[in-house]
$ cat my_file.txt   # compact mmCIF, C-alpha atoms
# COMPACT_ATOMS: atom_id res chain seq x y z
CA GLY X 1 71.25 17.28 -8.21
CA ALA X 2 71.63 13.75 -6.76
CA VAL X 3 74.65 12.71 -8.81
CA VAL X 4 76.48 9.50 -8.05
CA SER X 5 79.90 8.93 -9.59
CA GLN X 6 81.81 5.68 -9.94
CA HIS X 7 85.47 5.19 -10.69
CA PRO X 8 86.94 3.54 -12.64
CA SER X 9 84.36 2.98 -15.35
CA ARG X 10 86.42 0.15 -16.80
CA VAL X 11 89.19 -1.93 -15.31
CA ILE X 12 91.08 -4.93 -16.57
CA CYS X 13 93.22 -6.90 -14.14
CA LYS X 14 95.11 -10.14 -13.91
CA SER X 15 93.75 -13.08 -11.99
CA GLY X 16 94.80 -13.00 -8.35
CA THR X 17 95.05 -9.24 -8.03
CA SER X 18 92.70 -6.96 -6.09
CA VAL X 19 90.66 -4.16 -7.58
CA LYS X 20 89.05 -1.21 -5.83
CA ILE X 21 85.95 0.56 -7.14
CA GLU X 22 84.87 3.91 -5.71
CA CYS X 23 81.35 5.25 -5.40
CA ARG X 24 80.90 8.92 -4.58
CA SER X 25 77.82 11.01 -3.98
CA LEU X 26 78.85 14.34 -5.48
CA ASP X 27 76.21 16.75 -4.25
CA PHE X 28 74.61 15.05 -1.27
CA GLN X 29 75.41 12.98 1.77
CA ALA X 30 74.50 9.32 1.87
CA THR X 31 74.44 7.36 5.09
CA THR X 32 73.67 4.26 3.08
CA MET X 33 74.91 3.13 -0.30
CA PHE X 34 74.16 -0.05 -2.18
CA TRP X 35 76.31 -2.24 -4.38
CA TYR X 36 74.81 -4.24 -7.23
CA ARG X 37 76.22 -6.71 -9.67
CA GLN X 38 74.87 -7.20 -13.17
CA PHE X 39 75.64 -10.15 -15.42
CA PRO X 40 75.32 -9.75 -19.21
CA LYS X 41 71.70 -9.30 -20.27
CA LYS X 42 70.54 -9.92 -16.73
CA SER X 43 69.00 -7.74 -14.09
CA LEU X 44 70.74 -6.16 -11.12
CA MET X 45 71.42 -8.24 -8.03
CA LEU X 46 71.97 -6.54 -4.71
CA MET X 47 75.30 -7.58 -3.24
CA ALA X 48 75.47 -5.55 -0.07
CA THR X 49 74.30 -2.48 1.79
CA SER X 50 77.10 -0.14 2.77
CA ASN X 51 76.61 1.79 6.01
CA GLU X 52 78.71 4.81 6.91
CA GLY X 53 80.78 4.15 9.98
CA SER X 54 79.75 0.53 10.42
CA LYS X 55 80.02 -2.85 8.77
CA ALA X 56 78.30 -3.57 5.49
CA THR X 57 75.33 -5.90 5.33
CA TYR X 58 75.83 -8.62 2.74
CA GLU X 59 73.15 -10.49 0.86
CA GLN X 60 72.96 -14.23 1.13
CA GLY X 61 75.52 -15.95 -1.02
CA VAL X 62 77.86 -12.97 -1.31
CA GLU X 63 81.32 -13.63 0.09
CA LYS X 64 82.30 -10.96 2.59
CA ASP X 65 86.00 -11.72 2.31
CA LYS X 66 85.90 -11.59 -1.47
CA PHE X 67 83.98 -8.33 -1.76
CA LEU X 68 85.25 -5.90 0.85
CA ILE X 69 83.12 -2.82 1.37
CA ASN X 70 84.21 0.29 3.22
CA HIS X 71 82.03 3.34 3.79
CA ALA X 72 84.49 5.73 5.39
CA SER X 73 82.59 8.97 4.85
CA LEU X 74 79.12 10.24 4.03
CA THR X 75 80.08 10.67 0.39
CA LEU X 76 82.30 7.68 -0.36
CA SER X 77 81.92 3.93 -0.40
CA THR X 78 84.45 1.53 -1.87
CA LEU X 79 84.14 -2.03 -3.10
CA THR X 80 87.33 -4.07 -3.26
CA VAL X 81 87.29 -7.32 -5.18
CA THR X 82 90.06 -9.33 -3.59
CA SER X 83 92.07 -12.02 -5.36
CA ALA X 84 89.94 -11.53 -8.44
CA HIS X 85 89.21 -14.41 -10.77
CA PRO X 86 87.61 -14.50 -14.22
CA GLU X 87 84.22 -15.41 -12.71
CA ASP X 88 84.29 -12.06 -10.89
CA SER X 89 84.16 -10.30 -14.25
CA SER X 90 80.95 -8.32 -14.25
CA PHE X 91 79.33 -4.90 -14.24
CA TYR X 92 79.23 -3.40 -10.75
CA ILE X 93 76.87 -0.52 -10.00
CA CYS X 94 76.46 1.50 -6.85
CA SER X 95 73.53 3.60 -5.73
CA ALA X 96 72.63 5.96 -2.94
CA THR X 97 69.67 7.82 -1.49
CA PRO X 98 70.07 11.47 -0.54
CA SER X 99 69.03 12.28 2.98
CA GLY X 100 65.47 13.56 3.06
CA ARG X 101 64.44 11.99 -0.22
CA LYS X 102 61.56 9.56 -0.47
CA THR X 103 62.65 6.21 0.88
CA GLY X 104 63.68 3.85 -1.84
CA GLU X 105 64.34 6.53 -4.45
CA LEU X 106 67.83 5.56 -5.47
CA PHE X 107 70.27 7.30 -7.75
CA PHE X 108 72.80 5.19 -9.57
CA GLY X 109 76.38 5.55 -10.62
CA GLU X 110 77.48 4.91 -14.19
CA GLY X 111 78.78 1.48 -13.30
CA SER X 112 82.20 -0.14 -13.41
CA ARG X 113 83.00 -2.92 -15.87
CA LEU X 114 85.53 -5.35 -14.37
CA THR X 115 87.32 -7.81 -16.61
CA VAL X 116 89.60 -10.36 -14.97
CA LEU X 117 92.01 -12.08 -17.30
CA LYS O 118 60.80 -13.43 -1.27
CA GLN O 119 59.89 -10.66 -3.67
CA GLU O 120 60.10 -11.58 -7.35
CA VAL O 121 59.71 -9.05 -10.13
CA THR O 122 58.98 -10.06 -13.71
CA GLN O 123 58.84 -7.94 -16.83
CA ILE O 124 57.07 -8.78 -20.08
CA PRO O 125 58.02 -8.72 -22.86
CA ALA O 126 61.73 -9.42 -22.52
CA ALA O 127 62.37 -7.65 -25.82
CA LEU O 128 60.30 -5.40 -28.05
CA SER O 129 60.87 -3.79 -31.41
CA VAL O 130 58.52 -1.09 -32.70
CA PRO O 131 58.60 1.47 -35.50
CA GLU O 132 59.09 5.09 -34.62
CA GLY O 133 55.93 6.92 -33.60
CA GLU O 134 54.13 3.98 -32.05
CA ASN O 135 52.75 4.04 -28.55
CA LEU O 136 53.82 1.11 -26.42
CA VAL O 137 53.29 -0.50 -23.03
CA LEU O 138 55.82 -2.30 -20.89
CA ASN O 139 54.62 -4.56 -18.11
CA CYS O 140 55.97 -5.30 -14.67
CA SER O 141 54.55 -7.70 -12.09
CA PHE O 142 55.63 -8.43 -8.55
CA THR O 143 54.71 -11.23 -6.16
CA ASP O 144 54.59 -9.41 -2.82
CA SER O 145 52.16 -6.50 -2.86
CA ALA O 146 53.51 -5.07 0.40
CA ILE O 147 55.71 -2.58 -1.38
CA TYR O 148 56.70 0.93 -0.39
CA ASN O 149 57.15 2.22 -3.90
CA LEU O 150 57.94 1.21 -7.46
CA GLN O 151 60.48 2.80 -9.78
CA TRP O 152 61.05 2.60 -13.50
CA PHE O 153 64.59 2.97 -14.79
CA ARG O 154 66.25 3.21 -18.14
CA GLN O 155 69.61 1.61 -18.85
CA ASP O 156 71.64 2.23 -21.98
CA PRO O 157 74.17 -0.47 -23.01
CA GLY O 158 77.17 -0.53 -20.70
CA LYS O 159 75.82 2.32 -18.62
CA GLY O 160 74.27 2.88 -15.24
CA LEU O 161 70.61 3.50 -14.49
CA THR O 162 68.57 6.60 -15.04
CA SER O 163 65.49 6.97 -12.88
CA LEU O 164 62.39 7.70 -14.98
CA LEU O 165 59.44 7.60 -12.62
CA LEU O 166 58.79 6.80 -8.98
CA ILE O 167 55.33 5.78 -7.79
CA GLN O 168 54.60 5.62 -4.09
CA SER O 169 52.39 2.76 -2.90
CA SER O 170 49.53 5.18 -2.24
CA GLN O 171 49.62 6.53 -5.78
CA ARG O 172 48.01 5.16 -8.94
CA GLU O 173 50.19 6.77 -11.58
CA GLN O 174 52.94 9.21 -12.39
CA THR O 175 53.63 11.12 -15.59
CA SER O 176 56.74 12.69 -17.03
CA GLY O 177 56.63 13.99 -20.58
CA ARG O 178 55.81 11.11 -22.92
CA LEU O 179 56.03 8.58 -20.11
CA ASN O 180 53.20 7.44 -17.88
CA ALA O 181 53.55 4.77 -15.23
CA SER O 182 50.63 3.16 -13.44
CA LEU O 183 50.54 1.04 -10.33
CA ASP O 184 47.96 -1.50 -9.21
CA LYS O 185 49.41 -2.60 -5.92
CA SER O 186 46.68 -5.08 -5.02
CA SER O 187 47.19 -7.07 -8.22
CA GLY O 188 50.96 -6.65 -8.16
CA ARG O 189 51.23 -4.90 -11.50
CA SER O 190 52.68 -1.79 -13.05
CA THR O 191 52.81 -0.55 -16.61
CA LEU O 192 55.03 1.97 -18.32
CA TYR O 193 53.38 3.69 -21.26
CA ILE O 194 55.59 5.43 -23.80
CA ALA O 195 53.81 7.70 -26.24
CA ALA O 196 55.05 8.51 -29.73
CA SER O 197 58.19 6.43 -29.42
CA GLN O 198 61.49 7.72 -30.82
CA PRO O 199 64.75 5.95 -31.75
CA GLY O 200 66.33 7.66 -28.74
CA ASP O 201 63.99 5.67 -26.52
CA SER O 202 65.87 2.49 -27.45
CA ALA O 203 67.27 1.07 -24.20
CA THR O 204 66.55 -1.51 -21.53
CA TYR O 205 63.78 -0.57 -19.15
CA LEU O 206 63.84 -1.92 -15.63
CA CYS O 207 61.20 -1.77 -12.96
CA ALA O 208 62.12 -2.14 -9.32
CA VAL O 209 60.06 -2.40 -6.18
CA TYR O 210 61.12 -1.16 -2.78
CA THR O 211 60.02 -3.36 0.09
CA GLY O 212 60.11 -1.37 3.29
CA THR O 213 60.43 -4.31 5.66
CA ALA O 214 63.47 -5.61 3.85
CA SER O 215 64.74 -2.13 3.01
CA LYS O 216 65.86 -3.22 -0.40
CA LEU O 217 65.13 -2.61 -4.03
CA THR O 218 64.31 -5.70 -6.10
CA PHE O 219 64.76 -5.37 -9.83
CA GLY O 220 62.80 -6.92 -12.62
CA THR O 221 64.29 -8.84 -15.50
CA GLY O 222 64.09 -5.88 -17.87
CA THR O 223 62.57 -5.18 -21.28
CA ARG O 224 64.93 -4.44 -24.13
CA LEU O 225 63.26 -1.86 -26.39
CA GLN O 226 64.30 -1.05 -29.93
CA VAL O 227 62.58 1.78 -31.79
CA THR O 228 63.31 1.63 -35.50
CA LEU O 229 63.21 4.41 -38.08
$ encode --input "my_file.txt" --output "structure tokens"
Amino acid sequence: GAVVSQHPSRVICKSGTSVKIECRSLDFQATTMFWYRQFPKKSLMLMATSNEGSKATYEQGVEKDKFLINHASLTLSTLTVTSAHPEDSSFYICSATPSGRKTGELFFGEGSRLTVL
Amino acid sequence: KQEVTQIPAALSVPEGENLVLNCSFTDSAIYNLQWFRQDPGKGLTSLLLIQSSQREQTSGRLNASLDKSSGRSTLYIAASQPGDSATYLCAVYTGTASKLTFGTGTRLQVTL
């Protein structure tokens, strides 16, 4: 149990276009999901906390208008990279905690590799 | 601000060796600590979760310890195998901030 799925796993886009990444909890409900960004050979950096039915909470330094987060249901959160540029190229990973699990025990998606040309 | 450091950054050992990965954190007011494994280009797999009240957790060949007061955790891998080759990340959950802070990772290579 506790499976988190991300789609797409890889995406290549042209500079200036927008890209949407989906994060789904397959066998549990998640009121809260988290979006991380990982640069090559670096650790994960929390970008934002996605809250079902309300606005996302962004970490300092993360542009809200660049990285749009929508958490429309208890099993789906989306991250849209708007007007993408090459510096947005990165590995994006989402995570979620099943309701009732120990606080802080997160399960992660497989990640989405974004390449902006 | 919580900072999590892992030593060594990279490690190469021959198959069969026992090894220890280290994780240290600056703010001891944590709720729990997790160890993850990440294969190249992949997401994270949770290995062990230690609550702040616990001293250690074991799963198969893995044993993780936690010394909250000194801000340290270790991950012990017994009888290492080539399949253990991956990056290992520790992460601490700070309840007041409700966020998981990741360490810098240790890249492990187990050779035949």
$ closest_atom_pairs --input "my_file.txt" --of "chain X" --to "chain O" --cutoff "8 Å" --atoms "all atoms listed in the file" --output "CSV"
residue,atom,partner,partner_atom,distance
X:Lys42,CA,O:Thr221,CA,6.5
X:Ser43,CA,O:Thr221,CA,5.0
X:Leu44,CA,O:Phe219,CA,6.2
X:Met45,CA,O:Phe219,CA,7.5
X:Leu46,CA,O:Thr218,CA,7.8
X:Ile93,CA,O:Gly160,CA,6.8
X:Gly104,CA,O:Tyr210,CA,5.7
X:Glu105,CA,O:Leu166,CA,7.2
X:Leu106,CA,O:Ser163,CA,7.9
X:Phe107,CA,O:Ser163,CA,7.0
X:Phe108,CA,O:Leu161,CA,5.6
X:Gly109,CA,O:Gly160,CA,5.7
X:Glu110,CA,O:Gly160,CA,3.9
X:Gly111,CA,O:Gly160,CA,5.1
X:Arg113,CA,O:Gly158,CA,7.9
$ atom_distance --input "my_file.txt" --atom1 "CA of Asp27 in chain X" --atom2 "CA of Ser5 in chain X"
10.2 Å
$ atom_distance --input "my_file.txt" --atom1 "CA of Tyr205 in chain O" --atom2 "CA of Ile124 in chain O"
10.6 Å
$ residues_around --input "my_file.txt" --residues "range 8-14 of chain X" --least-positions-apart "6" --cutoff "6 Å" --atoms "all atoms listed in the file" --output "compact mmCIF listing (two decimals) with C-alpha atoms, in the coordinates of the input"
# COMPACT_ATOMS: atom_id res chain seq x y z
CA SER X 112 82.20 -0.14 -13.41
CA ARG X 113 83.00 -2.92 -15.87
CA LEU X 114 85.53 -5.35 -14.37
CA THR X 115 87.32 -7.81 -16.61
CA VAL X 116 89.60 -10.36 -14.97
CA LEU X 117 92.01 -12.08 -17.30
$ atom_distance --input "my_file.txt" --atom1 "CA of Ala195 in chain O" --atom2 "CA of Pro131 in chain O"
12.1 Å
$ residues_around --input "my_file.txt" --residues "range 178-185 of chain O" --least-positions-apart "6" --cutoff "10 Å" --atoms "all atoms listed in the file" --output "VMD selection string"
chain O and resid 135 137 to 142 144 to 152 164 to 172 191 to 197
$ closest_residue --input "my_file.txt" --among "X:Thr78, X:Gln38, X:Ser89, X:Ser18" --to "Ala56 in chain X" --atoms "only C-alpha atoms"
X:Thr78
$ residues_around --input "my_file.txt" --residues "Ser129 in chain O" --least-positions-apart "2" --cutoff "9 Å" --atoms "all atoms listed in the file" --output "short mmCIF file (atom, residue, chain, number, x, y, z; two decimals) with C-alpha atoms, in the frame of the given file"
data_model
loop_
_atom_site.label_atom_id
_atom_site.label_comp_id
_atom_site.auth_asym_id
_atom_site.auth_seq_id
_atom_site.Cartn_x
_atom_site.Cartn_y
_atom_site.Cartn_z
CA ALA O 127 62.37 -7.65 -25.82
CA PRO O 131 58.60 1.47 -35.50
CA SER O 202 65.87 2.49 -27.45
CA ARG O 224 64.93 -4.44 -24.13
CA LEU O 225 63.26 -1.86 -26.39
CA GLN O 226 64.30 -1.05 -29.93
CA VAL O 227 62.58 1.78 -31.79
CA THR O 228 63.31 1.63 -35.50
#
$ axis_aligned_box --input "my_file.txt" --around "range 39-43 of chain X" --padding-each-side "8 Å" --output "AutoDock Vina command-line options"
--center_x 72.3 --center_y -8.9 --center_z -17.2 --size_x 22.6 --size_y 18.4 --size_z 22.2
$ residues_near_point --input "my_file.txt" --point "(70.9, 5.8, -2.8)" --cutoff "10 Å" --atoms "only C-alpha atoms" --output "list in words"
Ala2, Val3, Val4, Ser25, Gln29, Ala30, Thr31, Thr32, Met33, Phe34, Trp35, Cys94, Ser95, Ala96, Thr97, Pro98, Ser99, Arg101, Thr103, Gly104, Glu105, Leu106, Phe107, Phe108 and Gly109 of chain X
$ closest_residue --input "my_file.txt" --among "X:Asn51, X:Thr17, X:Gln6, X:Thr57" --to "Ala72 in chain X" --atoms "all atoms listed in the file"
X:Asn51
$ closest_residue --input "my_file.txt" --among "O:Val130, O:Gly200, O:Val121, O:Thr143" --to "Ser187 in chain O" --atoms "all atoms listed in the file"
O:Thr143
$ closest_residue --input "my_file.txt" --among "O:Asp201, O:Glu173, O:Asp156, O:Glu120" --to "Leu136 in chain O" --atoms "all atoms listed in the file"
O:Asp201
$ decode --input "my_file.txt" --residues "range 190-206 of chain O" --atoms "N, CA, C and O atoms" --output "short mmCIF file (atom, residue, chain, number, x, y, z; two decimals), in the first residue's frame"
data_model
loop_
_atom_site.label_atom_id
_atom_site.label_comp_id
_atom_site.auth_asym_id
_atom_site.auth_seq_id
_atom_site.Cartn_x
_atom_site.Cartn_y
_atom_site.Cartn_z
N SER O 190 22.42 10.31 13.53
CA SER O 190 21.83 9.02 13.19
C SER O 190 22.82 8.25 12.32
O SER O 190 23.60 8.85 11.58
N THR O 191 22.78 6.94 12.43
CA THR O 191 23.61 6.11 11.57
C THR O 191 22.74 5.06 10.91
O THR O 191 21.74 4.61 11.49
N LEU O 192 23.13 4.70 9.70
CA LEU O 192 22.50 3.59 9.00
C LEU O 192 23.56 2.53 8.79
O LEU O 192 24.57 2.77 8.13
N TYR O 193 23.32 1.37 9.37
CA TYR O 193 24.25 0.26 9.28
C TYR O 193 23.72 -0.73 8.27
O TYR O 193 22.55 -1.14 8.35
N ILE O 194 24.56 -1.08 7.30
CA ILE O 194 24.18 -2.07 6.30
C ILE O 194 25.11 -3.27 6.46
O ILE O 194 26.34 -3.15 6.34
N ALA O 195 24.53 -4.41 6.75
CA ALA O 195 25.32 -5.62 6.96
C ALA O 195 25.46 -6.40 5.66
O ALA O 195 24.55 -6.41 4.82
N ALA O 196 26.60 -7.02 5.50
CA ALA O 196 26.85 -7.91 4.35
C ALA O 196 26.40 -7.27 3.05
O ALA O 196 25.50 -7.78 2.37
N SER O 197 27.02 -6.18 2.70
CA SER O 197 26.58 -5.39 1.54
C SER O 197 26.60 -6.21 0.24
O SER O 197 27.41 -7.13 0.06
N GLN O 198 25.69 -5.84 -0.64
CA GLN O 198 25.53 -6.52 -1.94
C GLN O 198 25.56 -5.48 -3.05
O GLN O 198 25.21 -4.32 -2.82
N PRO O 199 25.93 -5.88 -4.26
CA PRO O 199 25.92 -4.90 -5.38
C PRO O 199 24.58 -4.22 -5.55
O PRO O 199 24.51 -3.05 -5.94
N GLY O 200 23.50 -4.92 -5.25
CA GLY O 200 22.16 -4.34 -5.34
C GLY O 200 21.91 -3.23 -4.34
O GLY O 200 20.91 -2.50 -4.46
N ASP O 201 22.78 -3.08 -3.37
CA ASP O 201 22.65 -1.99 -2.41
C ASP O 201 23.18 -0.68 -2.96
O ASP O 201 23.01 0.37 -2.35
N SER O 202 23.84 -0.73 -4.10
CA SER O 202 24.41 0.49 -4.71
C SER O 202 23.28 1.47 -5.02
O SER O 202 22.34 1.14 -5.75
N ALA O 203 23.38 2.65 -4.47
CA ALA O 203 22.35 3.69 -4.62
C ALA O 203 22.80 4.90 -3.81
O ALA O 203 23.85 4.87 -3.16
N THR O 204 21.99 5.94 -3.84
CA THR O 204 22.22 7.09 -2.96
C THR O 204 21.29 6.95 -1.76
O THR O 204 20.11 6.67 -1.92
N TYR O 205 21.85 7.14 -0.58
CA TYR O 205 21.08 7.04 0.64
C TYR O 205 20.90 8.42 1.24
O TYR O 205 21.87 9.17 1.42
N LEU O 206 19.66 8.74 1.52
CA LEU O 206 19.32 10.06 2.05
C LEU O 206 18.69 9.91 3.43
O LEU O 206 17.84 9.04 3.62
#
